[in-house]
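The data block below is input_15.cif; it holds mmCIF, C-alpha atoms.
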data_start
loop_
_atom_site.group_PDB
_atom_site.id
_atom_site.type_symbol
_atom_site.label_atom_id
_atom_site.label_comp_id
_atom_site.auth_asym_id
_atom_site.auth_seq_id
_atom_site.Cartn_x
_atom_site.Cartn_y
_atom_site.Cartn_z
ATOM 1 C CA MET A 206 -16.852 23.239 -8.907
ATOM 2 C CA PRO A 207 -13.095 23.138 -9.606
ATOM 3 C CA ARG A 208 -11.341 20.086 -8.275
ATOM 4 C CA HIS A 209 -7.718 19.563 -7.454
ATOM 5 C CA VAL A 210 -5.769 17.732 -10.171
ATOM 6 C CA ASP A 211 -4.509 15.192 -7.619
ATOM 7 C CA GLU A 212 -8.090 14.179 -7.015
ATOM 8 C CA LEU A 213 -8.805 13.723 -10.709
ATOM 9 C CA GLN A 214 -5.784 11.491 -11.124
ATOM 10 C CA ASN A 215 -6.835 9.388 -8.186
ATOM 11 C CA GLY A 216 -7.829 5.758 -8.276
ATOM 12 C CA GLU A 217 -6.747 4.576 -11.703
ATOM 13 C CA PRO A 218 -6.352 0.850 -11.135
ATOM 14 C CA PHE A 219 -3.349 -0.710 -12.811
ATOM 15 C CA PRO A 220 -4.647 -2.263 -16.048
ATOM 16 C CA VAL A 221 -2.756 -5.517 -15.460
ATOM 17 C CA LYS A 222 -3.846 -8.210 -13.002
ATOM 18 C CA PRO A 223 -1.363 -10.353 -11.056
ATOM 19 C CA ASP A 224 -0.708 -13.931 -12.209
ATOM 20 C CA THR A 225 -1.547 -13.194 -15.834
ATOM 21 C CA ASN A 226 0.541 -13.389 -19.008
ATOM 22 C CA GLU A 227 0.422 -9.611 -19.277
ATOM 23 C CA TYR A 228 1.807 -9.269 -15.755
ATOM 24 C CA GLU A 229 4.593 -11.736 -16.477
ATOM 25 C CA ALA A 230 5.546 -10.144 -19.805
ATOM 26 C CA LEU A 231 5.557 -6.629 -18.363
ATOM 27 C CA SER A 232 7.639 -7.724 -15.355
ATOM 28 C CA PHE A 233 10.070 -9.400 -17.743
ATOM 29 C CA LEU A 234 10.438 -6.240 -19.848
ATOM 30 C CA VAL A 235 10.879 -4.049 -16.753
ATOM 31 C CA ARG A 236 13.601 -6.403 -15.474
ATOM 32 C CA ASN A 237 15.265 -6.356 -18.900
ATOM 33 C CA ARG A 238 14.613 -2.677 -19.523
ATOM 34 C CA GLU A 239 17.718 -2.184 -21.645
ATOM 35 C CA TYR A 240 16.513 -4.461 -24.444
ATOM 36 C CA GLY A 241 13.629 -4.959 -26.842
ATOM 37 C CA PHE A 242 12.251 -8.460 -27.476
ATOM 38 C CA ARG A 243 10.045 -10.210 -30.016
ATOM 39 C CA PRO A 244 7.004 -12.018 -28.581
ATOM 40 C CA SER A 245 8.654 -15.385 -29.375
ATOM 41 C CA GLU A 246 11.774 -14.336 -27.464
ATOM 42 C CA ILE A 247 9.654 -13.286 -24.488
ATOM 43 C CA ALA A 248 7.906 -16.683 -24.612
ATOM 44 C CA GLU A 249 11.277 -18.470 -24.575
ATOM 45 C CA ARG A 250 12.367 -16.599 -21.463
ATOM 46 C CA THR A 251 9.119 -16.729 -19.472
ATOM 47 C CA ASP A 252 6.288 -19.174 -18.765
ATOM 48 C CA ILE A 253 4.155 -17.593 -21.477
ATOM 49 C CA SER A 254 3.389 -19.965 -24.342
ATOM 50 C CA LYS A 255 4.468 -19.042 -27.868
ATOM 51 C CA ALA A 256 0.839 -19.240 -28.946
ATOM 52 C CA SER A 257 -0.273 -16.506 -26.552
ATOM 53 C CA ALA A 258 2.839 -14.284 -26.568
ATOM 54 C CA SER A 259 1.849 -12.135 -29.572
ATOM 55 C CA LYS A 260 -1.641 -11.518 -28.252
ATOM 56 C CA THR A 261 -0.265 -10.657 -24.797
ATOM 57 C CA MET A 262 2.169 -8.124 -26.243
ATOM 58 C CA THR A 263 -0.496 -6.561 -28.461
ATOM 59 C CA ARG A 264 -2.716 -6.069 -25.406
ATOM 60 C CA LEU A 265 0.104 -4.466 -23.404
ATOM 61 C CA PHE A 266 0.856 -2.220 -26.379
ATOM 62 C CA GLU A 267 -2.798 -1.202 -26.728
ATOM 63 C CA LYS A 268 -2.928 -0.399 -23.021
ATOM 64 C CA GLY A 269 0.016 1.941 -23.551
ATOM 65 C CA LEU A 270 2.290 0.045 -21.161
ATOM 66 C CA VAL A 271 4.945 -1.003 -23.675
ATOM 67 C CA LYS A 272 6.433 0.440 -26.843
ATOM 68 C CA ARG A 273 6.911 -1.361 -30.153
ATOM 69 C CA SER A 274 9.512 -0.862 -32.849
ATOM 70 C CA GLU A 275 10.280 -3.228 -35.744
ATOM 71 C CA GLY A 276 8.352 -6.001 -34.017
ATOM 72 C CA LEU A 277 10.357 -5.618 -30.808
ATOM 73 C CA TYR A 278 8.629 -4.725 -27.544
ATOM 74 C CA TYR A 279 10.267 -2.688 -24.795
ATOM 75 C CA VAL A 280 9.398 -0.380 -21.929
ATOM 76 C CA ASP A 281 9.778 3.369 -22.310
ATOM 77 C CA PRO A 282 13.018 4.209 -20.438
ATOM 78 C CA ASP A 283 11.265 7.256 -18.917
ATOM 79 C CA ARG A 284 8.557 5.028 -17.439
ATOM 80 C CA THR A 285 10.511 2.075 -16.058
ATOM 81 C CA GLY A 286 10.647 3.576 -12.557
ATOM 82 C CA GLU A 287 6.904 4.172 -12.498
ATOM 83 C CA LEU A 288 6.077 0.734 -13.938
ATOM 84 C CA LYS A 289 8.386 -0.990 -11.471
ATOM 85 C CA GLN A 290 6.664 0.847 -8.605
ATOM 86 C CA ARG A 291 3.249 -0.236 -9.865
ATOM 87 C CA LEU A 292 4.310 -3.870 -10.253
ATOM 88 C CA ASP A 293 5.959 -3.834 -6.808
ATOM 89 C CA SER A 294 2.800 -2.345 -5.321
ATOM 90 C CA LEU A 295 0.701 -5.040 -6.974
ATOM 91 C CA ASP A 296 2.979 -7.733 -5.504
ATOM 92 C CA ALA A 297 2.804 -6.083 -2.072
ATOM 93 C CA ALA A 298 -1.005 -5.906 -2.200
ATOM 94 C CA VAL A 299 -1.208 -9.581 -3.216
ATOM 95 C CA GLN A 300 0.999 -10.418 -0.232
ATOM 96 C CA LEU A 301 -1.174 -8.308 2.079
ATOM 97 C CA PHE A 302 -4.201 -10.375 1.068
ATOM 98 C CA ALA A 303 -2.331 -13.672 1.190
ATOM 99 C CA THR A 304 -1.519 -13.063 4.863
ATOM 100 C CA ALA A 305 -4.945 -11.699 5.864
ATOM 101 C CA PRO A 306 -6.516 -13.468 8.837
ATOM 102 C CA SER A 307 -9.555 -15.595 8.057
ATOM 103 C CA ASP A 308 -11.715 -14.275 10.905
ATOM 104 C CA ASP A 309 -11.498 -10.684 9.730
ATOM 105 C CA ALA A 310 -14.787 -8.749 10.025
ATOM 106 C CA ASP A 311 -13.495 -6.280 7.470
ATOM 107 C CA ALA A 312 -13.635 -9.230 5.115
ATOM 108 C CA GLU A 313 -17.374 -8.603 4.779
ATOM 109 C CA PRO A 314 -17.992 -7.471 1.205
ATOM 110 C CA GLY A 315 -18.644 -3.763 0.881
ATOM 111 C CA TRP A 316 -17.407 -2.719 4.343
ATOM 112 C CA GLU A 317 -15.498 0.139 2.727
ATOM 113 C CA ASP A 318 -18.789 1.533 1.391
ATOM 114 C CA THR A 319 -20.585 1.359 4.748
ATOM 115 C CA LEU A 320 -17.711 3.191 6.399
ATOM 116 C CA SER A 321 -17.935 6.691 4.997
ATOM 117 C CA SER A 322 -14.789 8.241 3.654
ATOM 118 C CA ILE A 323 -13.399 11.393 5.218
ATOM 119 C CA THR A 324 -13.295 14.383 2.923
ATOM 120 C CA PRO A 325 -10.397 16.817 2.643
ATOM 121 C CA GLU A 326 -12.702 19.400 4.328
ATOM 122 C CA GLN A 327 -13.150 17.196 7.401
ATOM 123 C CA ASP A 328 -9.447 16.604 7.424
ATOM 124 C CA GLN A 329 -8.446 20.215 6.824
ATOM 125 C CA HIS A 330 -7.306 20.955 10.353
ATOM 126 C CA HIS A 331 -4.573 18.564 9.433
ATOM 127 C CA GLU A 332 -2.792 20.687 6.869
ATOM 128 C CA PRO A 333 -0.819 18.621 4.387
ATOM 129 C CA GLY A 334 2.739 18.526 5.518
ATOM 130 C CA ALA A 335 2.092 20.123 8.892
ATOM 131 C CA ALA A 336 2.498 16.984 10.954
ATOM 132 C CA ASP A 337 4.826 15.545 8.368
ATOM 133 C CA THR A 338 7.562 18.118 8.419
ATOM 134 C CA ASP A 339 7.130 20.498 11.338
ATOM 135 C CA THR A 340 7.322 17.984 14.119
ATOM 136 C CA HIS A 341 10.565 16.585 15.420
ATOM 137 C CA PRO A 342 9.836 13.195 16.936
ATOM 138 C CA GLU A 343 13.532 12.206 17.118
ATOM 139 C CA PRO A 344 14.034 12.996 20.840
ATOM 140 C CA GLU A 345 10.812 11.186 21.692
ATOM 141 C CA ALA A 346 11.866 8.172 19.630
ATOM 142 C CA THR A 347 15.272 8.159 21.324
ATOM 143 C CA SER A 348 13.786 8.271 24.815
ATOM 144 C CA LEU A 349 11.284 5.521 23.892
ATOM 145 C CA VAL A 350 14.110 3.297 22.709
ATOM 146 C CA GLU A 351 16.122 4.035 25.862
ATOM 147 C CA GLN A 352 13.120 3.279 28.032
ATOM 148 C CA LEU A 353 12.374 -0.003 26.224
ATOM 149 C CA THR A 354 15.997 -1.082 26.169
ATOM 150 C CA ASP A 355 16.301 -0.426 29.899
ATOM 151 C CA GLU A 356 13.229 -2.520 30.511
ATOM 152 C CA THR A 357 14.615 -5.302 28.341
ATOM 153 C CA SER A 358 17.941 -5.338 30.164
ATOM 154 C CA GLU A 359 16.197 -5.463 33.538
ATOM 155 C CA GLN A 360 14.260 -8.589 32.550
ATOM 156 C CA MET B 153 -6.076 13.973 -2.667
ATOM 157 C CA SER B 154 -2.780 12.653 -1.451
ATOM 158 C CA TYR B 155 -2.687 10.385 1.566
ATOM 159 C CA GLN B 156 -1.066 11.347 4.806
ATOM 160 C CA HIS B 157 0.645 9.773 7.750
ATOM 161 C CA GLY B 158 -2.017 8.407 10.088
ATOM 162 C CA HIS B 159 -4.741 7.953 7.465
ATOM 163 C CA VAL B 160 -6.749 4.726 7.643
ATOM 164 C CA VAL B 161 -7.191 3.683 4.017
ATOM 165 C CA SER B 162 -8.748 0.779 2.116
ATOM 166 C CA ILE B 163 -6.712 -1.288 -0.316
ATOM 167 C CA PRO B 164 -8.620 -3.325 -2.910
ATOM 168 C CA ASP B 165 -7.711 -6.950 -3.625
ATOM 169 C CA PRO B 166 -5.655 -7.046 -6.868
ATOM 170 C CA HIS B 167 -7.426 -10.322 -7.715
ATOM 171 C CA ASP B 168 -10.856 -8.721 -7.126
ATOM 172 C CA THR B 169 -12.006 -11.778 -5.222
ATOM 173 C CA ARG B 170 -12.008 -10.440 -1.660
ATOM 174 C CA PRO B 171 -13.202 -7.239 -0.014
ATOM 175 C CA SER B 172 -10.656 -4.448 0.519
ATOM 176 C CA ARG B 173 -8.263 -4.517 3.449
ATOM 177 C CA PRO B 174 -7.839 -1.558 5.801
ATOM 178 C CA ALA B 175 -4.341 -0.244 6.484
ATOM 179 C CA ILE B 176 -2.662 2.765 8.115
ATOM 180 C CA ILE B 177 -0.233 5.044 6.279
ATOM 181 C CA ILE B 178 2.940 5.164 8.371
ATOM 182 C CA SER B 179 5.310 6.928 5.943
ATOM 183 C CA ASP B 180 5.490 10.700 5.526
ATOM 184 C CA ASN B 181 7.021 13.159 3.123
ATOM 185 C CA ALA B 182 10.484 12.621 4.552
ATOM 186 C CA CYS B 183 10.352 9.221 2.796
ATOM 187 C CA PRO B 184 11.433 8.799 -0.845
ATOM 188 C CA ASP B 185 8.620 8.822 -3.417
ATOM 189 C CA HIS B 186 6.027 9.919 -0.832
ATOM 190 C CA GLY B 187 2.866 10.746 -2.753
ATOM 191 C CA SER B 188 3.392 8.010 -5.320
ATOM 192 C CA MET B 189 4.303 5.234 -2.854
ATOM 193 C CA TYR B 190 3.193 4.844 0.767
ATOM 194 C CA THR B 191 4.328 2.485 3.489
ATOM 195 C CA VAL B 192 1.270 0.999 5.136
ATOM 196 C CA VAL B 193 0.701 -1.306 8.079
ATOM 197 C CA ALA B 194 -2.213 -3.731 7.939
ATOM 198 C CA LEU B 195 -5.216 -3.327 10.212
ATOM 199 C CA THR B 196 -7.608 -6.140 11.056
ATOM 200 C CA SER B 197 -10.588 -6.803 13.274
ATOM 201 C CA SER B 198 -9.491 -10.430 13.665
ATOM 202 C CA GLN B 199 -9.700 -11.384 17.352
ATOM 203 C CA GLN B 200 -7.157 -14.079 16.661
ATOM 204 C CA TYR B 201 -4.565 -11.589 15.389
ATOM 205 C CA GLY B 202 -5.395 -9.271 18.270
ATOM 206 C CA GLN B 203 -3.936 -11.865 20.620
ATOM 207 C CA HIS B 204 -0.447 -11.478 19.193
ATOM 208 C CA ARG B 205 2.107 -9.791 21.369
ATOM 209 C CA TYR B 206 2.811 -6.854 19.069
ATOM 210 C CA ALA B 207 -0.789 -6.228 17.976
ATOM 211 C CA VAL B 208 -2.082 -2.743 18.856
ATOM 212 C CA ALA B 209 -5.801 -2.404 19.630
ATOM 213 C CA ILE B 210 -7.659 0.665 18.354
ATOM 214 C CA GLU B 211 -11.227 1.328 19.472
ATOM 215 C CA LYS B 212 -13.913 2.027 16.887
ATOM 216 C CA ASP B 213 -14.312 5.687 17.888
ATOM 217 C CA GLU B 214 -10.701 6.366 18.669
ATOM 218 C CA PRO B 215 -9.616 8.013 15.373
ATOM 219 C CA GLU B 216 -9.442 11.813 15.480
ATOM 220 C CA THR B 217 -11.406 12.073 12.246
ATOM 221 C CA GLY B 218 -13.871 9.416 11.055
ATOM 222 C CA HIS B 219 -14.172 6.032 12.737
ATOM 223 C CA LEU B 220 -13.335 2.362 12.249
ATOM 224 C CA LEU B 221 -15.788 -0.416 11.379
ATOM 225 C CA LYS B 222 -15.207 -1.957 14.813
ATOM 226 C CA ARG B 223 -12.453 -2.472 17.350
ATOM 227 C CA SER B 224 -9.369 -3.241 15.257
ATOM 228 C CA TYR B 225 -5.779 -4.319 15.647
ATOM 229 C CA VAL B 226 -2.640 -3.017 13.966
ATOM 230 C CA GLU B 227 -0.372 -5.793 12.669
ATOM 231 C CA PRO B 228 3.146 -4.306 12.919
ATOM 232 C CA TRP B 229 4.560 -7.448 11.285
ATOM 233 C CA ALA B 230 2.532 -6.811 8.117
ATOM 234 C CA THR B 231 3.817 -3.747 6.290
ATOM 235 C CA ALA B 232 3.734 -3.079 2.563
ATOM 236 C CA GLN B 233 4.707 -0.391 0.068
ATOM 237 C CA ILE B 234 1.641 0.497 -1.931
ATOM 238 C CA ALA B 235 1.288 2.845 -4.913
ATOM 239 C CA HIS B 236 -1.062 5.810 -4.620
ATOM 240 C CA GLU B 237 -3.380 4.402 -7.304
ATOM 241 C CA ASP B 238 -3.751 1.084 -5.481
ATOM 242 C CA ILE B 239 -5.380 2.811 -2.511
ATOM 243 C CA ARG B 240 -9.126 3.200 -2.783
ATOM 244 C CA ASP B 241 -10.276 5.599 -0.082
ATOM 245 C CA VAL B 242 -9.542 7.304 3.260
ATOM 246 C CA HIS B 243 -11.873 6.374 6.107
ATOM 247 C CA ALA B 244 -10.282 7.923 9.172
ATOM 248 C CA ARG B 245 -7.234 9.663 10.544
ATOM 249 C CA LEU B 246 -5.499 8.509 13.688
ATOM 250 C CA GLY B 247 -4.145 11.023 16.159
ATOM 251 C CA SER B 248 -0.632 11.095 17.555
ATOM 252 C CA ASP B 249 -1.695 9.185 20.694
ATOM 253 C CA VAL B 250 -2.641 6.106 18.654
ATOM 254 C CA MET B 251 0.381 6.480 16.372
ATOM 255 C CA LYS B 252 2.576 6.503 19.502
ATOM 256 C CA ARG B 253 1.147 3.124 20.531
ATOM 257 C CA VAL B 254 1.930 1.806 17.042
ATOM 258 C CA ALA B 255 5.480 3.187 17.329
ATOM 259 C CA GLU B 256 5.881 1.528 20.706
ATOM 260 C CA ALA B 257 4.806 -1.836 19.268
ATOM 261 C CA TYR B 258 7.353 -1.483 16.459
ATOM 262 C CA ALA B 259 10.102 -0.465 18.874
ATOM 263 C CA THR B 260 9.296 -3.409 21.155
ATOM 264 C CA MET B 261 9.289 -5.813 18.199
ATOM 265 C CA ILE B 262 12.593 -4.501 16.842
ATOM 266 C CA LEU B 263 14.390 -4.228 20.160
ATOM 267 C CA ARG B 264 13.412 -7.680 21.341
ATOM 268 C CA ASP B 265 16.476 -9.872 21.909
#
What would the structure in this file look like if it were written as structure tokens?
Amino acid sequence: MPRHVDELQNGEPFPVKPDTNEYEALSFLVRNREYGFRPSEIAERTDISKASASKTMTRLFEKGLVKRSEGLYYVDPDRTGELKQRLDSLDAAVQLFATAPSDDADAEPGWEDTLSSITPEQDQHHEPGAADTDTHPEPEATSLVEQLTDETSEQ
Amino acid sequence: MSYQHGHVVSIPDPHDTRPSRPAIIISDNACPDHGSMYTVVALTSSQQYGQHRYAVAIEKDEPETGHLLKRSYVEPWATAQIAHEDIRDVHARLGSDVMKRVAEAYATMILRD
């Protein structure tokens, strides 16, 4: 059965974990996107040790996340936006978990498997974009703000 | 599939040490990079967090499509921008009535003197 391309592209986890040398080196190269660096130069400017810098950069290169030319590593200028988004998302997800409450029942392992996922067919009455673009919630938002501000001023 | 405003999704732990966290997509395609990045607000079944002033309770069977694991609370103070690929699955879709309660909580939080 043919499947939508969006679906096939779905769920590729970012091949770099937070708090690792690879994460730090990639973040460094994204921040310094206009330059290429040798592994030793990356080690000097980050917390990565000189001993592990070469190995780290080789792994990032093999994962297709960085480019290499004459021993210098750099990020593809066409991909810096995408890589920055992925790193930012990783940071945001880490933060989301760092602030999770301890008495969370969703914290039971595998809850997401017991709760069935909704399929696009079940969700089809909600046409993509229909609620996103055709509604005009501005007047409602304005009246809500007015209502809440009135209440606040009366207190 | 792309995710939509009102979807209840699961976000895996980047460290792979804890179970996924549920969250609600609150951005839509009027936002920049919609489709590759989504603004989400965290959802929890923590009774303790449910006590907070701005928490919004959602009953298990309240979503228009699908359902929640149990009675849950929206945490308007915990929002994040998450990449499409860092979202694992869609479990439910909330209707406009629930989204209005979320909006009200945000408005109350922001307008508070």
Would you give the centre and edge lengths, in Å to one decimal, of a box along x, y and z around the listed atoms of stretch 221-239 of chain A, with 6 Å added to each side, as AutoDock Vina command-line options?
--center_x 6.9 --center_y -8.1 --center_z -16.4 --size_x 33.6 --size_y 23.7 --size_z 22.6
Report task. Spell out the residues picked by the PyMOL selection byres ((chain B) within 9 of (chain A)) here, as a count of residues only. Result -> 59
Report task. Convert the output of the PyMOL selection byres ((chain A and resi 237) around 12) on the shown file into explicit residues, formatted as number ranges by chain. Result -> A: 230-236, 238-242, 247, 250, 278-282, 285, 289
Report summary line: Correct to one decimal, the distance atom CA of A:Glu343-atom CA of B:Val192 is 20.5 Å
Query - Test item: residues at most 7 Å from B:Arg223, all atoms listed in the file, excluding those fewer than 3 positions along its chain, as a ChimeraX atom specification - result: /B:197,210-212
Query raised in the report: Between atom CA of B:Ala175 and atom CA of B:Ser224, what is the spacing in Å?
Result: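 Calculated distance between atom CA of B:Ser224 and atom CA of B:Ala175 is 10.5 Å.
Computed from the coordinates, the atom CA of A:Gly269 to atom CA of B:Tyr190 distance equals 24.7 Å.
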**Report entry** Neighbours of point (-6.7, 13.6, 18.5) within 9 Å, using all atoms listed in the file, written as a ChimeraX atom specification
**Finding:** /B:214-217,245-250
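Using all atoms listed in the file for every distance, the candidate list B:Val160, B:Ile176, B:Thr191, B:His186 yields B:Ile176 as the residue closest to B:Val254.
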**Report entry** Selection near A:Lys260, 10 Å with all atoms listed in the file, sequence-local residues under 5 positions removed, as number ranges by chain
**Finding:** A: 226-227, 244, 255, 265-266
Take the residues from that selection and put them in a file with C-alpha atoms, as a compact mmCIF listing (two decimals), keeping the file's coordinate frame.
# COMPACT_ATOMS: atom_id res chain seq x y z
CA ASN A 226 0.54 -13.39 -19.01
CA GLU A 227 0.42 -9.61 -19.28
CA PRO A 244 7.00 -12.02 -28.58
CA LYS A 255 4.47 -19.04 -27.87
CA LEU A 265 0.10 -4.47 -23.40
CA PHE A 266 0.86 -2.22 -26.38
Query raised in the report: Within 9 Å of A:Ser259, counting all atoms listed in the file, which residues qualify if same-chain residues fewer than 3 places away don't, as a list in words?
Result: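 Result of the neighbour search: Arg243, Pro244, Ser245, Lys255, Ala256, Met262, Thr263 and Arg264 of chain A.
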Extract stretch 230-259 of chain B from the preceding block and save C-alpha atoms as a short mmCIF file (atom, residue, chain, number, x, y, z; two decimals), in the first residue's frame.
data_model
loop_
_atom_site.label_atom_id
_atom_site.label_comp_id
_atom_site.auth_asym_id
_atom_site.auth_seq_id
_atom_site.Cartn_x
_atom_site.Cartn_y
_atom_site.Cartn_z
CA ALA B 230 6.45 24.26 30.64
CA THR B 231 6.62 24.88 26.90
CA ALA B 232 9.29 23.71 24.48
CA GLN B 233 10.13 23.85 20.79
CA ILE B 234 10.59 20.32 19.57
CA ALA B 235 11.70 19.06 16.14
CA HIS B 236 9.35 16.82 14.18
CA GLU B 237 11.76 13.86 14.44
CA ASP B 238 11.94 14.12 18.23
CA ILE B 239 8.22 13.37 18.53
CA ARG B 240 7.37 9.69 18.72
CA ASP B 241 3.64 9.30 18.23
CA VAL B 242 0.17 10.92 18.33
CA HIS B 243 -2.20 9.53 20.95
CA ALA B 244 -5.15 11.90 20.89
CA ARG B 245 -6.49 15.16 19.57
CA LEU B 246 -8.05 17.76 21.82
CA GLY B 247 -11.09 19.70 20.69
CA SER B 248 -11.46 23.46 20.72
CA ASP B 249 -13.25 23.40 24.09
CA VAL B 250 -10.18 21.99 25.85
CA MET B 251 -7.82 24.21 23.86
CA LYS B 252 -9.88 27.22 25.03
CA ARG B 253 -9.26 26.23 28.66
CA VAL B 254 -5.53 26.02 27.89
CA ALA B 255 -5.68 29.46 26.25
CA GLU B 256 -7.47 30.86 29.28
CA ALA B 257 -4.76 29.51 31.60
CA TYR B 258 -2.07 31.13 29.45
CA ALA B 259 -3.95 34.43 29.32
#
